[in-house]
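Novice: I'd like to ask you about the structure that follows.
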Amino acid sequence: MSTTYLSIVNSILIKINEVQLTASTFNSALGVHAMVKEGVIDTINKINQTENVKWPFYAVEQTVPLVAGTQEYAWPSNFASVDWKSFQIQKDDTLGIRNSFLTVIEREQWYRYLRDNDYDARPNGIRIPELVFSTHGNGFGLSPSPDRDYTLKYRYFKNPVVPTLSTDEIPTPAQFDYLIKAFGLYQGYLFYDNNELSQIAMTDRDQGVKDMVRVMIGNNFEHVYAGVVDV
């Protein structure tokens, strides 16, 4: 069962011997209950803002049906950054094509060497795309421009999610609920002026974020690269 905003707040309230919230009392929570809610959100924000980390639980695989003669495509509405190494034309027995990896090029290279040919081929396109590049707008471009309705797949990272409603799911994996709870406990202990326990909870939260990076990312940051490379 997924961890919800309400359930994780209540699990913290139990630890500090406070009355649990319900769906009807959640939005109007005051005092220590409001501070615990704030602690949960503060921790999620800290996780989301961890420098140079693209968390796997925000990764999405996107399928794009290409249109012959159309070479520029928009990012999804929840787009944050892309894994440029993931672009692939999909195998299609009807079209008689195999899976093919796309090479990333700088936009300026496309302008200088390829744009004229791609534009001249409109509206029919040239052939199966081999290259991908970042456009000036909110998306990506392909070259050569597709001459048929191929299918493209790539992976991107969606914008971080912060729960607001009691029924919203906590975006982090359940195995790391403990670090979400830690800062909620910090806020609860702070409300009762228990500085010793609040500092222990804060330390647990910060160490938990480091553990999360180690477990989910390790020392390999290559797969979270979100820029365009020169090839």
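Each chain in the structure tokens gets a letter, A, B, ..., in the order shown, and its residues are numbered from 1; ligands are numbered from 1 in order too.
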List as a list in words the protein and nucleic acid residues near Arg122 of chain A, meaning an atom at most 10 Å away when only C-alpha atoms are counted, but skip any in the same chain fewer than 6 places from it.

Specialist: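 Counting only C-alpha atoms, the residues come to Ala68, Gly69, Thr70, Gln71, Ser145, Pro146 and Asp147 of chain A.
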
Novice: Output as a Markdown table one row per residue of segment 39-125 of chain A within 10 Å of segment 210-216 of chain A: the closest atom pair and its distance in Å to one decimal place, counting only C-alpha atoms, sorted by chain and residue number ascending.

Specialist:
```
| residue | atom | partner | partner_atom | distance |
| --- | --- | --- | --- | --- |
| A:Ile47 | CA | A:Met212 | CA | 8.9 |
| A:Thr50 | CA | A:Val213 | CA | 8.9 |
| A:Val53 | CA | A:Val213 | CA | 7.9 |
| A:Lys54 | CA | A:Val213 | CA | 9.8 |
| A:Trp55 | CA | A:Met216 | CA | 7.5 |
| A:Pro56 | CA | A:Met216 | CA | 7.2 |
| A:Phe57 | CA | A:Met216 | CA | 9.3 |
```

Novice: Go through A:Leu131, A:Ile44, A:Ile170, A:Leu13 and flag the residue nearest Gly31 of chain A, using only C-alpha atoms for the distances.

Specialist: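 When distances to Gly31 of chain A are compared using only C-alpha atoms, the smallest one comes from A:Leu13.
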
Novice: Can you tell me how far atom CA of Asp116 of chain A sits from atom CA of Leu142 of chain A, in Å to one decimal?

Specialist: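 Atom CA of Asp116 of chain A sits 13.3 Å away from atom CA of Leu142 of chain A.
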
Novice: Contacts of Asn159 of chain A at 10 Å or less, counting only C-alpha atoms, minus same-chain residues fewer than 3 places along, as a PyMOL selection string?

Specialist: chain A and resi 48+58-59+77-81+156+162

Novice: Just the selected residues (N, CA and C atoms), exported as an mmCIF file, in the first residue's frame, please.

Specialist:
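Below is the file that was written, part-v8.cif:
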```
data_model
loop_
_atom_site.group_PDB
_atom_site.id
_atom_site.type_symbol
_atom_site.label_atom_id
_atom_site.label_comp_id
_atom_site.auth_asym_id
_atom_site.auth_seq_id
_atom_site.Cartn_x
_atom_site.Cartn_y
_atom_site.Cartn_z
ATOM 1 N N ASN A 48 14.126 16.748 -2.975
ATOM 2 C CA ASN A 48 13.955 17.209 -4.358
ATOM 3 C C ASN A 48 15.059 18.157 -4.788
ATOM 4 N N TYR A 58 11.629 9.664 -10.124
ATOM 5 C CA TYR A 58 11.047 10.690 -10.981
ATOM 6 C C TYR A 58 11.301 10.405 -12.465
ATOM 7 N N ALA A 59 11.897 9.261 -12.771
ATOM 8 C CA ALA A 59 12.204 8.926 -14.163
ATOM 9 C C ALA A 59 10.964 8.371 -14.868
ATOM 10 N N SER A 77 4.376 17.999 -20.359
ATOM 11 C CA SER A 77 4.067 19.140 -19.487
ATOM 12 C C SER A 77 4.769 19.062 -18.138
ATOM 13 N N ASN A 78 5.081 17.853 -17.660
ATOM 14 C CA ASN A 78 5.743 17.704 -16.356
ATOM 15 C C ASN A 78 7.253 17.511 -16.490
ATOM 16 N N PHE A 79 7.810 17.874 -17.636
ATOM 17 C CA PHE A 79 9.225 17.668 -17.935
ATOM 18 C C PHE A 79 10.128 18.529 -17.058
ATOM 19 N N ALA A 80 11.223 17.909 -16.569
ATOM 20 C CA ALA A 80 12.252 18.647 -15.838
ATOM 21 C C ALA A 80 13.586 18.591 -16.580
ATOM 22 N N SER A 81 14.046 17.388 -16.915
ATOM 23 C CA SER A 81 15.293 17.222 -17.668
ATOM 24 C C SER A 81 15.252 15.874 -18.374
ATOM 25 N N TYR A 156 12.962 10.629 -19.473
ATOM 26 C CA TYR A 156 13.146 11.960 -18.905
ATOM 27 C C TYR A 156 12.818 11.930 -17.421
ATOM 28 N N VAL A 162 5.343 17.425 -4.764
ATOM 29 C CA VAL A 162 5.170 17.719 -3.341
ATOM 30 C C VAL A 162 3.695 17.520 -3.005
#
```

Novice: Write out as a PyMOL selection string each polymer residue whose atoms come within 10 Å of Ile16 of chain A, counting only C-alpha atoms; drop sequence neighbours fewer than 3 positions from it.

Specialist: chain A and resi 10-13+19+32+185+188-189+192

Novice: Between A:Ala29, A:Leu21, A:Leu152, A:Ala34, which residue has the minimum interatomic distance to Ser86 of chain A, considering only C-alpha atoms?

Specialist: A:Leu152

Novice: By how many Å are atom CA of Ala182 of chain A and atom CA of Arg205 of chain A apart?

Specialist: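 These two atoms are separated by 5.2 Å.
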
Novice: Given the choices A:Ser134, A:Asn17, A:Gln62, A:Thr43, which gets closest to Gly208 of chain A if the distance is worked out from only C-alpha atoms?

Specialist: A:Thr43

Novice: Can you pull out every residue from segment 23-167 of chain A that DSSP, working from the backbone, puts in helix (DSSP H, G or I), and format the result as a PyMOL selection string?

Specialist: chain A and resi 31-48+56-58+107-120

Novice: Give me the residues near Lys153 of chain A as a list of chain:residue names, where near means some atom within 6 Å (using only C-alpha atoms) and where sequence neighbours in that chain fewer than 6 positions away do not count.

Specialist: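 After dropping sequence-adjacent residues, the list is A:Gln62, A:Thr63, A:Phe87, A:Gln88.
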
Novice: Counting only C-alpha atoms, which of A:Gly184, A:Gly125, A:Gly137, A:Pro65 gets nearest to Ala201 of chain A?

Specialist: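 Smallest separation from Ala201 of chain A among the options: A:Gly184.
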
Novice: So what do you get for atom CA of Pro163 of chain A versus atom CA of Lys46 of chain A, distance-wise?

Specialist: 13.7 Å
